[in-house]
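Participant: What follows is a single structure, and I will ask about it in a moment.
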Amino acid sequence: MTSAVGTEASSELIFRRRAKALAAEPPRGQPVRPSLDAVAFQLAHETYAVESFYVREVLPLRELTPLPSAPAFVLGLANVRGQILSVIDLRVLFDLPRKESGAATKLIVLRAADMEVGVLADAVAGALSVPLDEIRPALPTMTGFRERCLRGIGGESLVILAANRLLADEAIVVNQQAEGGD
């Protein structure tokens, strides 16, 4: 039987070894390839990624308060640790099929400049590093909003979004007032 103290000590040893390995310099003679650190996620049948720099956090979407009369891509509002965030569905903006209701979803909180928003994802694949020299330009089939927010294509079919352009795009900024008020 393993004691809690023994488990803590072995976990700490593992973490120290990992930290040492991550901090080590790469072997001499091997060129260091500049890369883009990103968070990969699923939308419908496609895999997307956004640069980690713009990701504040990833969490399960627990509660969503709908906003009447909001555009279709605005799913509603979510309370994230006391902060009220708009939640948008990129599937609507990218003309992708919507997921069946009741399925588990994740919320990726993105921030750039003075804009912070929650983006819905079907699943989060995790963190990855994409060598910059492997990022190709957009495909000609990507047009409209998706093209404006695209940084490039990585690997076989990883769509890398430019979060700074996404969050600055006028298409996602809703600035309208309800009618009938003073």
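Every chain in the structure tokens takes a letter, A first, then B, and so on in the order presented; its residues are numbered from 1, and the ligands are numbered from 1 following the presented order.
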Show me, as a Markdown table, the residues of range 68-134 of chain A having an atom within 9 Å of range 159-167 of chain A, each with the closest atom pair and its distance in Å, using only C-alpha atoms.
Facilitator:
| residue | atom | partner | partner_atom | distance |
| --- | --- | --- | --- | --- |
| A:Leu110 | CA | A:Ala163 | CA | 7.5 |
| A:Arg111 | CA | A:Leu167 | CA | 7.6 |
| A:Ala112 | CA | A:Asn164 | CA | 5.8 |
| A:Ala113 | CA | A:Asn164 | CA | 8.1 |
| A:Met115 | CA | A:Leu167 | CA | 6.5 |
| A:Glu116 | CA | A:Leu167 | CA | 7.7 |
| A:Val117 | CA | A:Leu167 | CA | 7.9 |
Participant: Can you tell me, as a PyMOL selection string, which residues in range 86-137 of chain A count as alpha helix (DSSP H) by DSSP?
Facilitator: chain A and resi 90-93
Participant: Which neighbours of range 33-47 of chain A fall inside 8 Å, counting only C-alpha atoms, when residues of the same chain fewer than 3 positions from it are skipped, and could you give them as a short mmCIF file (atom, residue, chain, number, x, y, z; two decimals) with all heavy atoms, in the first residue's frame?
Facilitator:
data_model
loop_
_atom_site.label_atom_id
_atom_site.label_comp_id
_atom_site.auth_asym_id
_atom_site.auth_seq_id
_atom_site.Cartn_x
_atom_site.Cartn_y
_atom_site.Cartn_z
N VAL A 50 -5.45 27.99 -32.36
CA VAL A 50 -5.27 29.42 -32.12
C VAL A 50 -4.02 29.56 -31.25
O VAL A 50 -3.75 28.72 -30.40
CB VAL A 50 -6.53 30.03 -31.46
CG1 VAL A 50 -6.79 29.48 -30.09
CG2 VAL A 50 -6.47 31.53 -31.42
N GLU A 51 -3.25 30.60 -31.52
CA GLU A 51 -2.00 30.80 -30.80
C GLU A 51 -2.25 30.87 -29.29
O GLU A 51 -3.14 31.59 -28.83
CB GLU A 51 -1.32 32.08 -31.29
CG GLU A 51 0.08 32.25 -30.78
CD GLU A 51 0.80 33.45 -31.39
OE1 GLU A 51 0.25 34.10 -32.29
OE2 GLU A 51 1.92 33.71 -30.94
N SER A 52 -1.44 30.15 -28.53
CA SER A 52 -1.60 30.06 -27.07
C SER A 52 -1.55 31.43 -26.40
O SER A 52 -2.19 31.64 -25.37
CB SER A 52 -0.51 29.18 -26.47
OG SER A 52 -0.60 27.89 -26.97
N PHE A 53 -0.80 32.35 -26.97
CA PHE A 53 -0.67 33.70 -26.41
C PHE A 53 -2.04 34.35 -26.17
O PHE A 53 -2.22 35.12 -25.24
CB PHE A 53 0.17 34.56 -27.35
CG PHE A 53 0.31 35.99 -26.91
CD1 PHE A 53 1.21 36.35 -25.93
CD2 PHE A 53 -0.48 36.99 -27.50
CE1 PHE A 53 1.33 37.68 -25.52
CE2 PHE A 53 -0.36 38.30 -27.10
CZ PHE A 53 0.55 38.66 -26.11
N VAL A 55 -4.95 32.70 -25.66
CA VAL A 55 -5.86 31.85 -24.90
C VAL A 55 -5.68 32.13 -23.41
O VAL A 55 -4.61 31.89 -22.85
CB VAL A 55 -5.61 30.35 -25.19
CG1 VAL A 55 -6.53 29.49 -24.34
CG2 VAL A 55 -5.81 30.07 -26.66
N LEU A 90 -18.20 29.85 -33.67
CA LEU A 90 -17.51 30.05 -34.95
C LEU A 90 -18.11 29.19 -36.06
O LEU A 90 -17.97 29.52 -37.23
CB LEU A 90 -16.02 29.75 -34.80
CG LEU A 90 -15.23 30.72 -33.94
CD1 LEU A 90 -13.78 30.26 -33.79
CD2 LEU A 90 -15.29 32.13 -34.51
N ARG A 91 -18.79 28.10 -35.69
CA ARG A 91 -19.41 27.25 -36.72
C ARG A 91 -20.39 28.05 -37.55
O ARG A 91 -20.50 27.85 -38.76
CB ARG A 91 -20.09 26.04 -36.08
CG ARG A 91 -19.11 25.07 -35.47
CD ARG A 91 -19.83 24.00 -34.74
NE ARG A 91 -20.54 24.62 -33.61
CZ ARG A 91 -20.87 23.99 -32.50
NH1 ARG A 91 -20.60 22.72 -32.37
NH2 ARG A 91 -21.47 24.62 -31.53
N LEU A 96 -20.26 26.03 -40.87
CA LEU A 96 -20.05 24.61 -40.56
C LEU A 96 -21.32 24.05 -39.93
O LEU A 96 -22.10 24.79 -39.33
CB LEU A 96 -18.88 24.45 -39.57
CG LEU A 96 -17.52 24.90 -40.07
CD1 LEU A 96 -16.51 24.87 -38.92
CD2 LEU A 96 -17.05 24.02 -41.20
N PRO A 97 -21.54 22.73 -40.02
CA PRO A 97 -22.72 22.15 -39.39
C PRO A 97 -22.68 22.30 -37.88
O PRO A 97 -21.61 22.20 -37.27
CB PRO A 97 -22.68 20.68 -39.80
CG PRO A 97 -21.34 20.44 -40.39
CD PRO A 97 -20.72 21.75 -40.70
N ARG A 98 -23.84 22.56 -37.30
CA ARG A 98 -23.94 22.69 -35.84
C ARG A 98 -23.97 21.32 -35.20
O ARG A 98 -24.46 20.36 -35.77
CB ARG A 98 -25.19 23.46 -35.46
CG ARG A 98 -25.06 24.92 -35.79
CD ARG A 98 -26.23 25.67 -35.25
NE ARG A 98 -25.81 27.03 -34.97
CZ ARG A 98 -26.54 27.90 -34.35
NH1 ARG A 98 -27.73 27.57 -33.91
NH2 ARG A 98 -26.10 29.11 -34.14
N LYS A 99 -23.47 21.26 -33.97
CA LYS A 99 -23.45 20.02 -33.20
C LYS A 99 -24.83 19.80 -32.59
O LYS A 99 -25.54 20.76 -32.27
CB LYS A 99 -22.39 20.14 -32.10
CG LYS A 99 -22.03 18.85 -31.47
CD LYS A 99 -20.83 19.04 -30.57
CE LYS A 99 -20.38 17.70 -30.05
NZ LYS A 99 -19.16 17.80 -29.28
N ALA A 121 -16.21 25.33 -28.60
CA ALA A 121 -15.50 24.26 -29.33
C ALA A 121 -16.19 22.94 -29.02
O ALA A 121 -16.68 22.74 -27.91
CB ALA A 121 -14.04 24.20 -28.90
N ASP A 122 -16.24 22.05 -30.01
CA ASP A 122 -16.82 20.73 -29.78
C ASP A 122 -15.94 19.93 -28.84
O ASP A 122 -16.42 19.20 -27.99
CB ASP A 122 -16.99 19.98 -31.10
CG ASP A 122 -18.00 20.68 -32.02
OD1 ASP A 122 -18.87 21.40 -31.51
OD2 ASP A 122 -17.89 20.49 -33.24
N ALA A 123 -14.63 20.05 -29.00
CA ALA A 123 -13.66 19.37 -28.15
C ALA A 123 -12.34 20.12 -28.25
O ALA A 123 -12.08 20.81 -29.24
CB ALA A 123 -13.47 17.93 -28.60
N VAL A 124 -11.51 20.00 -27.23
CA VAL A 124 -10.18 20.61 -27.25
C VAL A 124 -9.17 19.48 -27.32
O VAL A 124 -9.14 18.59 -26.48
CB VAL A 124 -9.96 21.49 -26.01
CG1 VAL A 124 -8.53 22.03 -25.97
CG2 VAL A 124 -10.95 22.65 -26.01
N ALA A 125 -8.34 19.52 -28.37
CA ALA A 125 -7.35 18.46 -28.58
C ALA A 125 -6.11 18.67 -27.72
O ALA A 125 -5.41 17.71 -27.42
CB ALA A 125 -6.96 18.41 -30.06
N GLY A 126 -5.82 19.91 -27.33
CA GLY A 126 -4.68 20.17 -26.46
C GLY A 126 -3.70 21.14 -27.08
O GLY A 126 -3.92 21.71 -28.14
N ALA A 127 -2.57 21.30 -26.38
CA ALA A 127 -1.53 22.21 -26.83
C ALA A 127 -0.63 21.52 -27.84
O ALA A 127 -0.41 20.31 -27.76
CB ALA A 127 -0.71 22.68 -25.63
N LEU A 128 -0.14 22.30 -28.79
CA LEU A 128 0.78 21.76 -29.78
C LEU A 128 1.72 22.85 -30.23
O LEU A 128 1.50 24.03 -29.98
CB LEU A 128 0.04 21.15 -30.96
CG LEU A 128 -1.01 22.00 -31.68
CD1 LEU A 128 -0.39 22.85 -32.75
CD2 LEU A 128 -2.04 21.09 -32.30
N SER A 129 2.78 22.45 -30.90
CA SER A 129 3.77 23.38 -31.43
C SER A 129 3.89 23.11 -32.92
O SER A 129 4.19 21.99 -33.33
CB SER A 129 5.10 23.16 -30.72
OG SER A 129 6.01 24.14 -31.07
N VAL A 130 3.64 24.14 -33.72
CA VAL A 130 3.68 24.00 -35.18
C VAL A 130 4.88 24.78 -35.70
O VAL A 130 4.95 26.00 -35.51
CB VAL A 130 2.39 24.55 -35.83
CG1 VAL A 130 2.43 24.37 -37.34
CG2 VAL A 130 1.15 23.91 -35.23
N PRO A 131 5.86 24.10 -36.34
CA PRO A 131 6.99 24.83 -36.91
C PRO A 131 6.50 25.89 -37.91
O PRO A 131 5.65 25.61 -38.75
CB PRO A 131 7.81 23.74 -37.61
CG PRO A 131 7.41 22.47 -36.92
CD PRO A 131 5.97 22.66 -36.54
N LEU A 132 7.02 27.10 -37.78
CA LEU A 132 6.58 28.20 -38.64
C LEU A 132 6.82 27.91 -40.12
O LEU A 132 6.01 28.32 -40.96
CB LEU A 132 7.28 29.50 -38.25
CG LEU A 132 6.89 30.09 -36.90
CD1 LEU A 132 7.70 31.34 -36.60
CD2 LEU A 132 5.40 30.38 -36.82
N ASP A 133 7.88 27.18 -40.44
CA ASP A 133 8.15 26.89 -41.84
C ASP A 133 7.21 25.83 -42.43
O ASP A 133 7.25 25.56 -43.62
CB ASP A 133 9.62 26.50 -42.06
CG ASP A 133 10.05 25.26 -41.28
OD1 ASP A 133 9.22 24.69 -40.53
OD2 ASP A 133 11.23 24.87 -41.42
N SER A 157 -4.11 19.17 -42.18
CA SER A 157 -5.35 19.93 -42.31
C SER A 157 -5.68 20.75 -41.07
O SER A 157 -6.84 20.93 -40.72
CB SER A 157 -6.51 18.98 -42.61
OG SER A 157 -6.62 18.04 -41.55
N LEU A 158 -4.67 21.28 -40.40
CA LEU A 158 -4.87 22.10 -39.21
C LEU A 158 -5.08 23.55 -39.66
O LEU A 158 -4.19 24.16 -40.24
CB LEU A 158 -3.67 22.00 -38.28
CG LEU A 158 -3.73 22.83 -37.01
CD1 LEU A 158 -4.81 22.30 -36.07
CD2 LEU A 158 -2.37 22.83 -36.31
N VAL A 159 -6.25 24.09 -39.39
CA VAL A 159 -6.57 25.47 -39.75
C VAL A 159 -6.15 26.37 -38.58
O VAL A 159 -6.70 26.27 -37.49
CB VAL A 159 -8.08 25.65 -40.03
CG1 VAL A 159 -8.39 27.09 -40.42
CG2 VAL A 159 -8.55 24.68 -41.12
#
Participant: Go through range 2-142 of chain A and collect every residue that DSSP, computed from the backbone, puts in strand (DSSP E); the answer should be as an MDAnalysis selection string.
Facilitator: chainID A and resid 35:43 46:51 55:60 74:80 83:88 106:112 115:121 123:131
Participant: May I ask for the distance between CA of Phe73 in chain A and CA of Val87 in chain A, given in Å to one decimal place?
Facilitator: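 Answer for the CA of Phe73 in chain A to CA of Val87 in chain A separation: 8.5 Å.
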Participant: Expressed in Å to a single decimal, how great is the separation between CA of Leu85 in chain A and CA of Glu63 in chain A?
Facilitator: 11.7 Å
Participant: Write out as a list in words which residues come within 7 Å of range 140-146 of chain A when counting only C-alpha atoms, dropping same-chain ones fewer than 2 positions away.
Facilitator: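 The filter keeps Leu93, Phe94, Ala138, Arg148, Cys149 and Leu150 of chain A.
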Participant: For CA of Val32 in chain A and CA of Ala19 in chain A, determine how far apart the two atoms are, in Å to one decimal place.
Facilitator: 19.1 Å
